[in-house]
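S.K.: Have a peek at structure.cif (mmCIF, C-alpha atoms).
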```
data_start
loop_
_atom_site.group_PDB
_atom_site.id
_atom_site.type_symbol
_atom_site.label_atom_id
_atom_site.label_comp_id
_atom_site.auth_asym_id
_atom_site.auth_seq_id
_atom_site.Cartn_x
_atom_site.Cartn_y
_atom_site.Cartn_z
ATOM 1 C CA MET A 127 199.084 195.474 59.564
ATOM 2 C CA ALA A 128 195.719 196.943 60.509
ATOM 3 C CA TRP A 129 192.527 195.910 58.807
ATOM 4 C CA ARG A 130 190.978 198.328 56.333
ATOM 5 C CA THR A 131 187.492 198.083 54.902
ATOM 6 C CA PRO A 132 187.774 196.370 51.507
ATOM 7 C CA LYS A 133 187.035 198.595 48.579
ATOM 8 C CA THR A 134 184.166 198.104 46.135
ATOM 9 C CA TRP A 135 185.463 197.183 42.753
ATOM 10 C CA VAL A 136 183.967 198.672 39.564
ATOM 11 C CA ASP A 137 183.900 197.344 36.034
ATOM 12 C CA GLN A 138 186.745 198.223 33.720
ATOM 13 C CA GLU A 139 188.934 198.831 36.748
ATOM 14 C CA THR A 140 192.465 197.627 36.422
ATOM 15 C CA PRO A 141 193.670 196.495 39.838
ATOM 16 C CA SER A 142 197.040 197.879 40.563
ATOM 17 C CA ALA A 143 199.809 196.371 42.625
ATOM 18 C CA ASP A 144 198.893 198.838 45.326
ATOM 19 C CA ASP A 145 195.287 197.585 45.214
ATOM 20 C CA PHE A 146 196.370 193.999 45.638
ATOM 21 C CA ASN A 147 198.769 194.887 48.427
ATOM 22 C CA THR A 148 196.422 197.052 50.468
ATOM 23 C CA GLU A 149 193.076 195.470 49.680
ATOM 24 C CA ILE A 150 194.035 191.823 49.624
ATOM 25 C CA ARG A 151 197.506 191.129 50.991
ATOM 26 C CA ASP A 152 197.359 193.464 53.988
ATOM 27 C CA ASN A 153 193.851 192.469 54.936
ATOM 28 C CA LEU A 154 194.659 188.782 54.652
ATOM 29 C CA ASN A 155 197.675 189.379 56.853
ATOM 30 C CA ALA A 156 195.480 191.184 59.377
ATOM 31 C CA LEU A 157 193.058 188.262 59.361
ATOM 32 C CA SER A 158 195.877 185.768 59.738
ATOM 33 C CA THR A 159 196.588 186.950 63.287
ATOM 34 C CA HIS A 160 193.085 187.864 64.390
ATOM 35 C CA SER A 161 192.483 187.634 68.122
ATOM 36 C CA HIS A 162 188.749 188.294 68.396
ATOM 37 C CA GLY A 163 189.063 191.714 69.920
ATOM 38 C CA GLY A 164 185.861 192.756 68.184
ATOM 39 C CA ALA A 165 187.371 195.321 65.845
ATOM 40 C CA ALA A 166 186.699 194.870 62.123
ATOM 41 C CA GLY A 167 189.161 192.338 60.780
ATOM 42 C CA ASP A 168 189.942 190.952 64.221
ATOM 43 C CA GLY A 169 187.022 188.539 64.605
ATOM 44 C CA SER A 170 183.904 188.781 66.743
ATOM 45 C CA THR A 171 184.199 189.072 70.550
ATOM 46 C CA THR A 172 181.470 186.451 70.857
ATOM 47 C CA LEU A 173 182.352 183.006 69.625
ATOM 48 C CA ASP A 174 179.251 181.167 68.548
ATOM 49 C CA SER A 175 178.760 177.418 68.466
ATOM 50 C CA VAL A 176 182.326 176.527 69.344
ATOM 51 C CA ASP A 177 182.508 172.792 69.956
ATOM 52 C CA TYR A 178 185.552 172.932 72.177
ATOM 53 C CA ILE A 179 188.818 174.698 72.689
ATOM 54 C CA ASP A 180 192.093 172.837 72.987
ATOM 55 C CA LEU A 181 194.220 174.862 75.320
ATOM 56 C CA ASP A 182 197.978 174.668 75.312
ATOM 57 C CA GLU A 183 199.237 173.537 78.690
ATOM 58 C CA GLY A 184 201.643 175.986 80.211
ATOM 59 C CA GLY A 185 203.104 177.329 83.414
ATOM 60 C CA ALA A 186 201.945 180.191 85.570
ATOM 61 C CA LEU A 187 199.470 182.715 84.224
ATOM 62 C CA SER A 188 200.336 186.360 84.064
ATOM 63 C CA ALA A 189 197.809 189.059 84.923
ATOM 64 C CA PRO A 190 195.338 189.996 82.172
ATOM 65 C CA ALA A 191 194.507 193.529 81.104
ATOM 66 C CA GLY A 192 191.969 195.571 83.091
ATOM 67 C CA GLY A 193 188.410 194.279 82.904
ATOM 68 C CA HIS A 194 189.489 190.832 81.767
ATOM 69 C CA THR A 195 189.880 187.360 83.233
ATOM 70 C CA ARG A 196 192.449 184.988 81.744
ATOM 71 C CA PHE A 197 191.601 181.331 81.355
ATOM 72 C CA ALA A 198 194.109 178.616 80.529
ATOM 73 C CA ALA A 199 195.317 175.084 81.167
ATOM 74 C CA ASN A 200 198.291 174.327 83.355
ATOM 75 C CA ASN A 201 200.784 171.586 82.579
ATOM 76 C CA ASP A 202 199.768 169.873 85.835
ATOM 77 C CA GLY A 203 196.427 168.980 84.236
ATOM 78 C CA THR A 204 194.334 171.663 85.942
ATOM 79 C CA LEU A 205 192.382 174.567 84.552
ATOM 80 C CA ARG A 206 193.396 177.976 85.865
ATOM 81 C CA TYR A 207 191.972 181.456 85.761
ATOM 82 C CA TYR A 208 193.299 184.827 86.741
ATOM 83 C CA ALA A 209 190.985 187.801 87.171
ATOM 84 C CA ASP A 210 192.290 191.304 86.703
ATOM 85 C CA GLY A 211 193.470 192.493 90.095
ATOM 86 C CA GLY A 212 193.281 188.983 91.552
ATOM 87 C CA SER A 213 195.562 185.986 91.562
ATOM 88 C CA GLU A 214 195.813 182.693 89.716
ATOM 89 C CA LYS A 215 193.201 180.186 90.871
ATOM 90 C CA THR A 216 192.618 176.554 90.082
ATOM 91 C CA VAL A 217 189.215 175.298 89.002
ATOM 92 C CA SER A 218 187.796 172.622 91.266
ATOM 93 C CA ASP A 219 186.148 169.504 89.895
ATOM 94 C CA THR A 220 183.022 167.832 91.226
ATOM 95 C CA ALA A 221 185.036 164.903 92.564
ATOM 96 C CA HIS A 222 187.010 167.068 94.934
ATOM 97 C CA SER A 223 186.986 166.051 98.582
ATOM 98 C CA HIS A 224 187.394 167.588 101.970
ATOM 99 C CA THR A 225 189.008 165.835 104.888
ATOM 100 C CA ILE A 226 186.710 165.479 107.893
ATOM 101 C CA ALA A 227 188.196 163.953 111.010
ATOM 102 C CA SER A 228 188.025 164.086 114.792
ATOM 103 C CA SER A 229 190.818 164.197 117.320
ATOM 104 C CA THR A 230 190.832 162.285 120.567
ATOM 105 C CA GLU A 231 189.201 164.209 123.393
ATOM 106 C CA THR A 232 191.079 166.096 126.060
ATOM 107 C CA LYS A 233 189.185 166.109 129.323
ATOM 108 C CA ALA A 234 189.304 166.903 133.022
ATOM 109 C CA SER A 235 186.893 166.221 135.874
ATOM 110 C CA LEU A 236 186.280 166.894 139.529
ATOM 111 C CA GLY A 237 184.655 164.329 141.817
ATOM 112 C CA THR A 238 182.081 164.741 144.564
ATOM 113 C CA THR A 239 182.228 167.951 146.547
ATOM 114 C CA SER A 240 179.891 170.248 148.439
ATOM 115 C CA LEU A 241 178.918 173.347 146.485
ATOM 116 C CA THR A 242 178.443 176.251 148.850
ATOM 117 C CA SER A 243 179.913 179.169 146.916
ATOM 118 C CA THR A 244 177.793 181.828 145.241
ATOM 119 C CA SER A 245 180.843 182.806 143.177
ATOM 120 C CA TYR A 246 182.272 180.619 140.452
ATOM 121 C CA THR A 247 184.614 178.030 141.905
ATOM 122 C CA ASN A 248 186.191 174.606 141.470
ATOM 123 C CA THR A 249 187.851 175.518 138.151
ATOM 124 C CA THR A 250 188.396 172.283 136.261
ATOM 125 C CA THR A 251 190.714 172.651 133.286
ATOM 126 C CA ALA A 252 191.657 170.668 130.203
ATOM 127 C CA THR A 253 194.625 172.047 128.281
ATOM 128 C CA PHE A 254 194.643 171.499 124.540
ATOM 129 C CA THR A 255 196.561 172.894 121.567
ATOM 130 C CA PRO A 256 194.346 173.323 118.491
ATOM 131 C CA THR A 257 195.829 172.568 115.090
ATOM 132 C CA ASP A 258 196.683 175.470 112.813
ATOM 133 C CA SER A 259 193.764 176.514 110.598
ATOM 134 C CA THR A 260 195.536 179.228 108.658
ATOM 135 C CA GLY A 261 196.310 176.864 105.777
ATOM 136 C CA SER A 262 193.908 174.917 103.576
ATOM 137 C CA ALA A 263 192.985 172.542 106.443
ATOM 138 C CA LYS A 264 190.344 174.026 108.767
ATOM 139 C CA TYR A 265 189.490 172.938 112.302
ATOM 140 C CA VAL A 266 186.942 173.651 114.998
ATOM 141 C CA THR A 267 187.280 172.879 118.688
ATOM 142 C CA VAL A 268 184.174 171.656 120.470
ATOM 143 C CA HIS A 269 184.085 172.483 124.174
ATOM 144 C CA PHE A 270 181.594 170.594 126.362
ATOM 145 C CA GLY A 271 180.966 170.767 130.105
ATOM 146 C CA GLN A 272 178.579 169.173 132.588
ATOM 147 C CA GLY A 273 177.910 169.045 136.300
ATOM 148 C CA GLY A 274 175.628 166.716 138.304
ATOM 149 C CA TYR A 275 173.975 167.972 141.519
ATOM 150 C CA ARG A 276 171.830 166.635 144.345
ATOM 151 C CA ASN A 277 169.770 168.513 146.915
ATOM 152 C CA VAL A 278 170.992 167.673 150.420
ATOM 153 C CA THR A 279 169.139 170.342 152.456
ATOM 154 C CA GLY A 280 165.582 170.436 151.145
ATOM 155 C CA THR A 281 165.780 173.975 149.763
ATOM 156 C CA ASP A 282 165.272 174.635 146.053
ATOM 157 C CA GLY A 283 167.509 176.944 144.083
ATOM 158 C CA THR A 284 169.531 177.536 140.908
ATOM 159 C CA ILE A 285 172.804 175.957 139.845
ATOM 160 C CA TYR A 286 175.090 177.716 137.377
ATOM 161 C CA ILE A 287 177.937 176.445 135.240
ATOM 162 C CA ARG A 288 180.121 178.298 132.761
ATOM 163 C CA LEU A 289 182.743 177.405 130.210
ATOM 164 C CA LEU A 290 185.934 179.406 129.860
ATOM 165 C CA LYS A 291 188.529 179.525 127.119
ATOM 166 C CA ALA A 292 191.920 180.864 128.191
ATOM 167 C CA GLY A 293 190.302 182.119 131.391
ATOM 168 C CA VAL A 294 187.540 184.037 129.628
ATOM 169 C CA GLN A 295 183.894 183.010 129.981
ATOM 170 C CA THR A 296 182.381 181.961 126.671
ATOM 171 C CA VAL A 297 179.028 180.474 127.722
ATOM 172 C CA GLU A 298 176.950 180.243 130.909
ATOM 173 C CA VAL A 299 173.840 178.176 131.656
ATOM 174 C CA SER A 300 171.736 177.412 134.744
ATOM 175 C CA ALA A 301 169.167 174.900 135.954
ATOM 176 C CA THR A 302 166.804 174.705 138.903
ATOM 177 C CA ILE A 303 167.207 171.911 141.392
ATOM 178 C CA GLY A 304 164.108 170.463 143.058
ATOM 179 C CA ALA A 305 163.069 171.421 146.620
ATOM 180 C CA SER A 306 163.186 167.943 148.132
ATOM 181 C CA VAL A 307 166.167 166.250 149.634
ATOM 182 C CA GLY A 308 167.532 163.863 147.050
ATOM 183 C CA ASP A 309 166.318 165.807 144.027
ATOM 184 C CA GLY A 310 168.987 165.949 141.340
ATOM 185 C CA VAL A 311 169.751 167.874 138.166
ATOM 186 C CA ALA A 312 172.360 167.757 135.452
ATOM 187 C CA VAL A 313 173.586 171.075 134.078
ATOM 188 C CA TYR A 314 175.412 170.986 130.761
ATOM 189 C CA THR A 315 176.349 173.082 127.774
ATOM 190 C CA SER A 316 178.753 173.249 124.862
ATOM 191 C CA THR A 317 180.247 175.717 122.438
ATOM 192 C CA VAL A 318 182.339 175.606 119.294
ATOM 193 C CA TYR A 319 185.437 177.639 118.471
ATOM 194 C CA ILE A 320 185.998 178.013 114.733
ATOM 195 C CA SER A 321 189.616 178.021 113.557
ATOM 196 C CA PRO A 322 191.031 178.804 117.009
ATOM 197 C CA THR A 323 194.595 179.978 117.383
ATOM 198 C CA ALA A 324 197.091 177.113 117.371
ATOM 199 C CA THR A 325 198.530 177.731 120.811
ATOM 200 C CA SER A 326 198.216 175.812 124.061
ATOM 201 C CA THR A 327 194.892 176.888 125.550
ATOM 202 C CA THR A 328 192.899 176.109 128.692
ATOM 203 C CA PHE A 329 189.309 174.907 128.283
ATOM 204 C CA ALA A 330 187.699 175.065 131.730
ATOM 205 C CA ILE A 331 184.420 174.691 133.597
ATOM 206 C CA GLU A 332 183.355 176.348 136.840
ATOM 207 C CA HIS A 333 180.142 176.292 138.866
ATOM 208 C CA LYS A 334 178.306 178.180 141.585
ATOM 209 C CA LYS A 335 174.964 178.065 143.363
ATOM 210 C CA GLY A 336 172.221 180.694 143.610
ATOM 211 C CA GLY A 337 172.207 182.895 146.665
ATOM 212 C CA THR A 338 169.058 181.420 148.267
ATOM 213 C CA HIS A 339 170.150 177.832 148.173
ATOM 214 C CA SER A 340 171.581 176.463 151.385
ATOM 215 C CA GLY A 341 173.559 173.490 150.098
ATOM 216 C CA VAL A 342 174.134 171.187 147.138
ATOM 217 C CA SER A 343 176.212 168.103 146.690
ATOM 218 C CA MET A 344 178.023 168.086 143.394
ATOM 219 C CA PHE A 345 178.873 164.588 142.270
ATOM 220 C CA GLY A 346 180.751 165.216 139.039
ATOM 221 C CA LEU A 347 181.999 168.286 137.158
ATOM 222 C CA GLY A 348 183.677 167.670 133.821
ATOM 223 C CA THR A 349 184.990 169.456 130.748
ATOM 224 C CA ILE A 350 185.937 168.071 127.344
ATOM 225 C CA ALA A 351 187.724 169.729 124.430
ATOM 226 C CA ARG A 352 187.687 167.897 121.132
ATOM 227 C CA GLN A 353 188.885 169.046 117.749
ATOM 228 C CA VAL A 354 187.148 168.316 114.452
ATOM 229 C CA ARG A 355 188.768 168.858 111.096
ATOM 230 C CA CYS A 356 186.159 170.289 108.716
ATOM 231 C CA GLN A 357 188.138 170.334 105.479
ATOM 232 C CA MET B 10 177.951 189.327 54.740
ATOM 233 C CA ALA B 11 177.893 185.573 54.332
ATOM 234 C CA TRP B 12 180.887 183.715 53.029
ATOM 235 C CA ALA B 13 180.675 182.778 49.331
ATOM 236 C CA SER B 14 182.448 179.636 48.233
ATOM 237 C CA ILE B 15 185.152 180.655 45.809
ATOM 238 C CA PRO B 16 185.049 178.963 42.388
ATOM 239 C CA LYS B 17 188.229 177.467 41.022
ATOM 240 C CA SER B 18 189.627 179.797 38.400
ATOM 241 C CA VAL B 19 190.506 178.527 34.959
ATOM 242 C CA VAL B 20 192.429 180.110 32.129
ATOM 243 C CA GLY B 21 190.258 182.589 30.291
ATOM 244 C CA ASP B 22 188.076 183.475 33.247
ATOM 245 C CA LEU B 23 187.085 187.100 33.373
ATOM 246 C CA VAL B 24 187.753 188.621 36.748
ATOM 247 C CA ASP B 25 185.291 191.486 36.740
ATOM 248 C CA ALA B 26 184.082 193.876 39.409
ATOM 249 C CA SER B 27 181.289 191.504 40.456
ATOM 250 C CA TRP B 28 183.776 188.661 40.952
ATOM 251 C CA MET B 29 186.095 190.880 42.972
ATOM 252 C CA ASN B 30 183.272 192.174 45.135
ATOM 253 C CA THR B 31 181.722 188.778 45.717
ATOM 254 C CA TYR B 32 184.801 186.674 46.293
ATOM 255 C CA VAL B 33 187.316 189.185 47.561
ATOM 256 C CA ARG B 34 185.566 192.101 49.244
ATOM 257 C CA ASN B 35 182.562 190.240 50.654
ATOM 258 C CA ASN B 36 184.587 187.274 51.776
ATOM 259 C CA LEU B 37 187.109 189.508 53.498
ATOM 260 C CA ASN B 38 184.235 191.209 55.287
ATOM 261 C CA ALA B 39 182.813 187.825 56.284
ATOM 262 C CA LEU B 40 186.183 186.819 57.689
ATOM 263 C CA SER B 41 186.533 190.079 59.534
ATOM 264 C CA SER B 42 183.777 189.161 61.979
ATOM 265 C CA ASN B 43 184.340 185.407 62.165
ATOM 266 C CA ALA B 44 182.911 183.684 65.249
ATOM 267 C CA HIS B 45 184.215 180.149 64.777
ATOM 268 C CA THR B 46 180.878 178.490 64.212
ATOM 269 C CA GLY B 47 182.510 176.079 61.810
ATOM 270 C CA ALA B 48 180.640 177.460 58.817
ATOM 271 C CA GLY B 49 182.682 178.418 55.727
ATOM 272 C CA GLY B 50 184.521 181.685 56.294
ATOM 273 C CA ASP B 51 183.634 181.763 59.972
ATOM 274 C CA GLY B 52 186.583 179.840 61.384
ATOM 275 C CA SER B 53 186.828 176.317 62.721
ATOM 276 C CA ALA B 54 184.469 175.231 65.495
ATOM 277 C CA THR B 55 187.420 173.675 67.261
ATOM 278 C CA LEU B 56 190.171 175.964 68.400
ATOM 279 C CA SER B 57 193.502 174.233 68.562
ATOM 280 C CA SER B 58 196.549 175.111 70.639
ATOM 281 C CA VAL B 59 195.131 178.243 72.210
ATOM 282 C CA ASP B 60 197.492 179.503 74.902
ATOM 283 C CA ASN B 61 194.877 181.321 76.918
ATOM 284 C CA VAL B 62 191.590 183.151 76.524
ATOM 285 C CA ASP B 63 191.154 186.622 77.980
ATOM 286 C CA LEU B 64 187.462 186.935 78.749
ATOM 287 C CA ASP B 65 185.699 190.262 79.093
ATOM 288 C CA GLU B 66 184.262 190.525 82.588
ATOM 289 C CA VAL B 67 180.478 190.932 82.466
ATOM 290 C CA SER B 68 177.706 191.294 85.037
ATOM 291 C CA ALA B 69 175.549 188.371 83.922
ATOM 292 C CA LEU B 70 175.469 185.644 81.301
ATOM 293 C CA GLY B 71 172.538 185.539 78.908
ATOM 294 C CA GLU B 72 171.004 182.214 78.002
ATOM 295 C CA PRO B 73 172.769 180.410 75.153
ATOM 296 C CA ALA B 74 170.996 178.829 72.202
ATOM 297 C CA ALA B 75 169.695 175.273 72.504
ATOM 298 C CA GLY B 76 172.440 172.685 72.670
ATOM 299 C CA HIS B 77 174.992 175.191 73.881
ATOM 300 C CA THR B 78 176.661 176.133 77.136
ATOM 301 C CA ARG B 79 177.936 179.633 77.633
ATOM 302 C CA PHE B 80 181.129 180.268 79.548
ATOM 303 C CA GLY B 81 182.280 183.660 80.754
ATOM 304 C CA ALA B 82 183.912 185.766 83.433
ATOM 305 C CA HIS B 83 182.048 187.898 85.938
ATOM 306 C CA THR B 84 183.068 191.334 87.146
ATOM 307 C CA ASP B 85 183.391 189.876 90.657
ATOM 308 C CA GLY B 86 186.373 187.793 89.526
ATOM 309 C CA THR B 87 184.590 184.454 89.223
ATOM 310 C CA LEU B 88 184.134 182.191 86.235
ATOM 311 C CA ARG B 89 180.542 181.371 85.293
ATOM 312 C CA PHE B 90 178.751 179.025 82.937
ATOM 313 C CA ARG B 91 175.144 178.651 81.879
ATOM 314 C CA THR B 92 173.500 175.863 79.950
ATOM 315 C CA ASN B 93 170.504 176.295 77.684
ATOM 316 C CA GLY B 94 167.463 176.007 79.932
ATOM 317 C CA GLY B 95 169.622 176.304 83.041
ATOM 318 C CA HIS B 96 170.887 179.099 85.181
ATOM 319 C CA GLU B 97 174.210 180.775 85.771
ATOM 320 C CA ILE B 98 176.605 178.642 87.838
ATOM 321 C CA ILE B 99 179.837 179.771 89.464
ATOM 322 C CA VAL B 100 182.939 177.614 89.037
ATOM 323 C CA ALA B 101 184.571 176.657 92.343
ATOM 324 C CA GLU B 102 188.266 176.976 92.939
ATOM 325 C CA THR B 103 190.317 174.360 94.728
ATOM 326 C CA GLY B 104 190.851 176.684 97.683
ATOM 327 C CA HIS B 105 187.141 177.090 98.371
ATOM 328 C CA THR B 106 185.867 176.564 101.910
ATOM 329 C CA HIS B 107 182.725 175.272 103.568
#
```
Can I see the file as structure tokens?

M.R.:
Amino acid sequence: MAWRTPKTWVDQETPSADDFNTEIRDNLNALSTHSHGGAAGDGSTTLDSVDYIDLDEGGALSAPAGGHTRFAANNDGTLRYYADGGSEKTVSDTAHSHTIASSTETKASLGTTSLTSTSYTNTTTATFTPTDSTGSAKYVTVHFGQGGYRNVTGTDGTIYIRLLKAGVQTVEVSATIGASVGDGVAVYTSTVYISPTATSTTFAIEHKKGGTHSGVSMFGLGTIARQVRCQ
Amino acid sequence: MAWASIPKSVVGDLVDASWMNTYVRNNLNALSSNAHTGAGGDGSATLSSVDNVDLDEVSALGEPAAGHTRFGAHTDGTLRFRTNGGHEIIVAETGHTH
């Protein structure tokens, strides 16, 4: 029964049964099921000074009406909400945790060799399968590479290394080696792949020398792939 | 219209227009806009056995009165709360990421 504005009573008026039914009974019935929709008789849409609300614990939430978000307690002890057009979500508490962990490293290396090529060469590959990040657990793969070089001819020049993922270059760096015989330099770099695809993948390093340099001894070229779980 | 405490009727009482307006009409009007402050006629300050609350989605929460925390839903689909003297904070869901 819808709410109706209560009438103003006047002296000498004899309330009829119809008066009592429409003015008192029906309005009390309307109030008895008020849901705070804001309409007269339905309670204010703003609840003021509420100490707390005891929510019944139930199962899954259904979608609310347009322009509304539904808030309720689940029988698993969590609070849930469901925005119009969205899906049911669980409220997180401040004590929640994320799992952070590191895998063992997968690595490959190449020993001493003479670097004479001006094109990338000596591909050194570690093969690693990242863990699936499509679920709630998220992973990154850190890819690191380094080469060590020594001048054996007395001519200065530039040494290049690059990292490749699945055969595709992802990062390239260079360093200058000194002009004297015996001068050395380490060239190194790293990169991070966020939530990489969970398939067997090659993580490689290659190197080359600049065109003006006559000869370099490389005494160690290595690549490492290591996975870190971030949550 | 504030709620008026209703006197206990006794035999011989005259129920006149003033009584009806004060204790029936005005009290019905007070109930019609109850906000559950706990005051007489305004509904209990503790709501018991509520199944769920459908919140209007709004763009921003105003600051509540002292000693209160306001809780509401934003039009972007998040839940928000704001304490007196504080600022609007978004509730995190368990599936949130860093």

S.K.: Carefully work through the PyMOL selection byres ((chain A and resi 281) around 12) for this structure and note down the residues it includes, as a ChimeraX atom specification.

M.R.: /A:276-280,282-284,302-309,335-342

S.K.: Looking at A:Asn248, A:Ser300, A:Thr253, A:Ser262, which one is nearest to chain B, with distances taken over only C-alpha atoms?

M.R.: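 With only C-alpha atoms as the atom set, the closest residue is A:Ser262.
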
S.K.: Using only C-alpha atoms, determine which residues of chain B fall within 6 Å of chain A; present them as a list of chain:residue names.

M.R.: B:Ala26, B:Asn30, B:Arg34, B:Ser41, B:Ser42, B:Asn43, B:Ala44, B:His45, B:Thr46, B:Ala54, B:Thr55, B:Leu56, B:Ser57, B:Ser58, B:Val59, B:Asp60, B:Asn61, B:Val62, B:Asp63, B:Leu64, B:Asp65, B:Glu66, B:Gly86, B:Ala101, B:Glu102, B:Thr103

S.K.: Looking at A:Val266, A:Ala252, A:Leu241, A:Ile320, which one is nearest to A:Ile226, with distances taken over all atoms listed in the file?

M.R.: A:Val266

S.K.: Do you have the atom CA of B:His77-atom CA of A:Gly203 distance handy?

M.R.: 24.6 Å

S.K.: Quick one: 4 Å padding each side, axis-aligned, all listed atoms of stretch 186-198 of chain A - centre and edge lengths in Å to one decimal, as AutoDock Vina command-line options?

M.R.:
```
--center_x 195.2 --center_y 187.1 --center_z 83.0 --size_x 21.5 --size_y 25.0 --size_z 13.0
```

S.K.: In Å, how far is it from atom CA of B:Phe80 to atom CA of B:Ile99?

M.R.: 10.0 Å

S.K.: Do a neighbour search on A:Gly273 at 7 Å with all atoms listed in the file, toss out local chain neighbours closer than 5 positions, and write the hits as a PyMOL selection string.

M.R.: chain A and resi 312-314+346-348

S.K.: When you draw a straight line from atom CA of A:Gly293 to atom CA of A:His333, how long is it in Å?

M.R.: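 Between these atoms lies a distance of 13.9 Å.
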
S.K.: If the PyMOL selection byres ((chain B and resi 14-16) around 10) is run on the structure shown, which residues does it catch, given as a VMD selection string?

M.R.: chain B and resid 11 to 13 17 to 19 28 31 to 33 36 49 to 50

S.K.: Please, could you write that set of residues out with C-alpha atoms as a compact mmCIF listing (two decimals), in the coordinates of the input?

M.R.:
```txt
# COMPACT_ATOMS: atom_id res chain seq x y z
CA ALA B 11 177.89 185.57 54.33
CA TRP B 12 180.89 183.72 53.03
CA ALA B 13 180.68 182.78 49.33
CA LYS B 17 188.23 177.47 41.02
CA SER B 18 189.63 179.80 38.40
CA VAL B 19 190.51 178.53 34.96
CA TRP B 28 183.78 188.66 40.95
CA THR B 31 181.72 188.78 45.72
CA TYR B 32 184.80 186.67 46.29
CA VAL B 33 187.32 189.18 47.56
CA ASN B 36 184.59 187.27 51.78
CA GLY B 49 182.68 178.42 55.73
CA GLY B 50 184.52 181.68 56.29
```
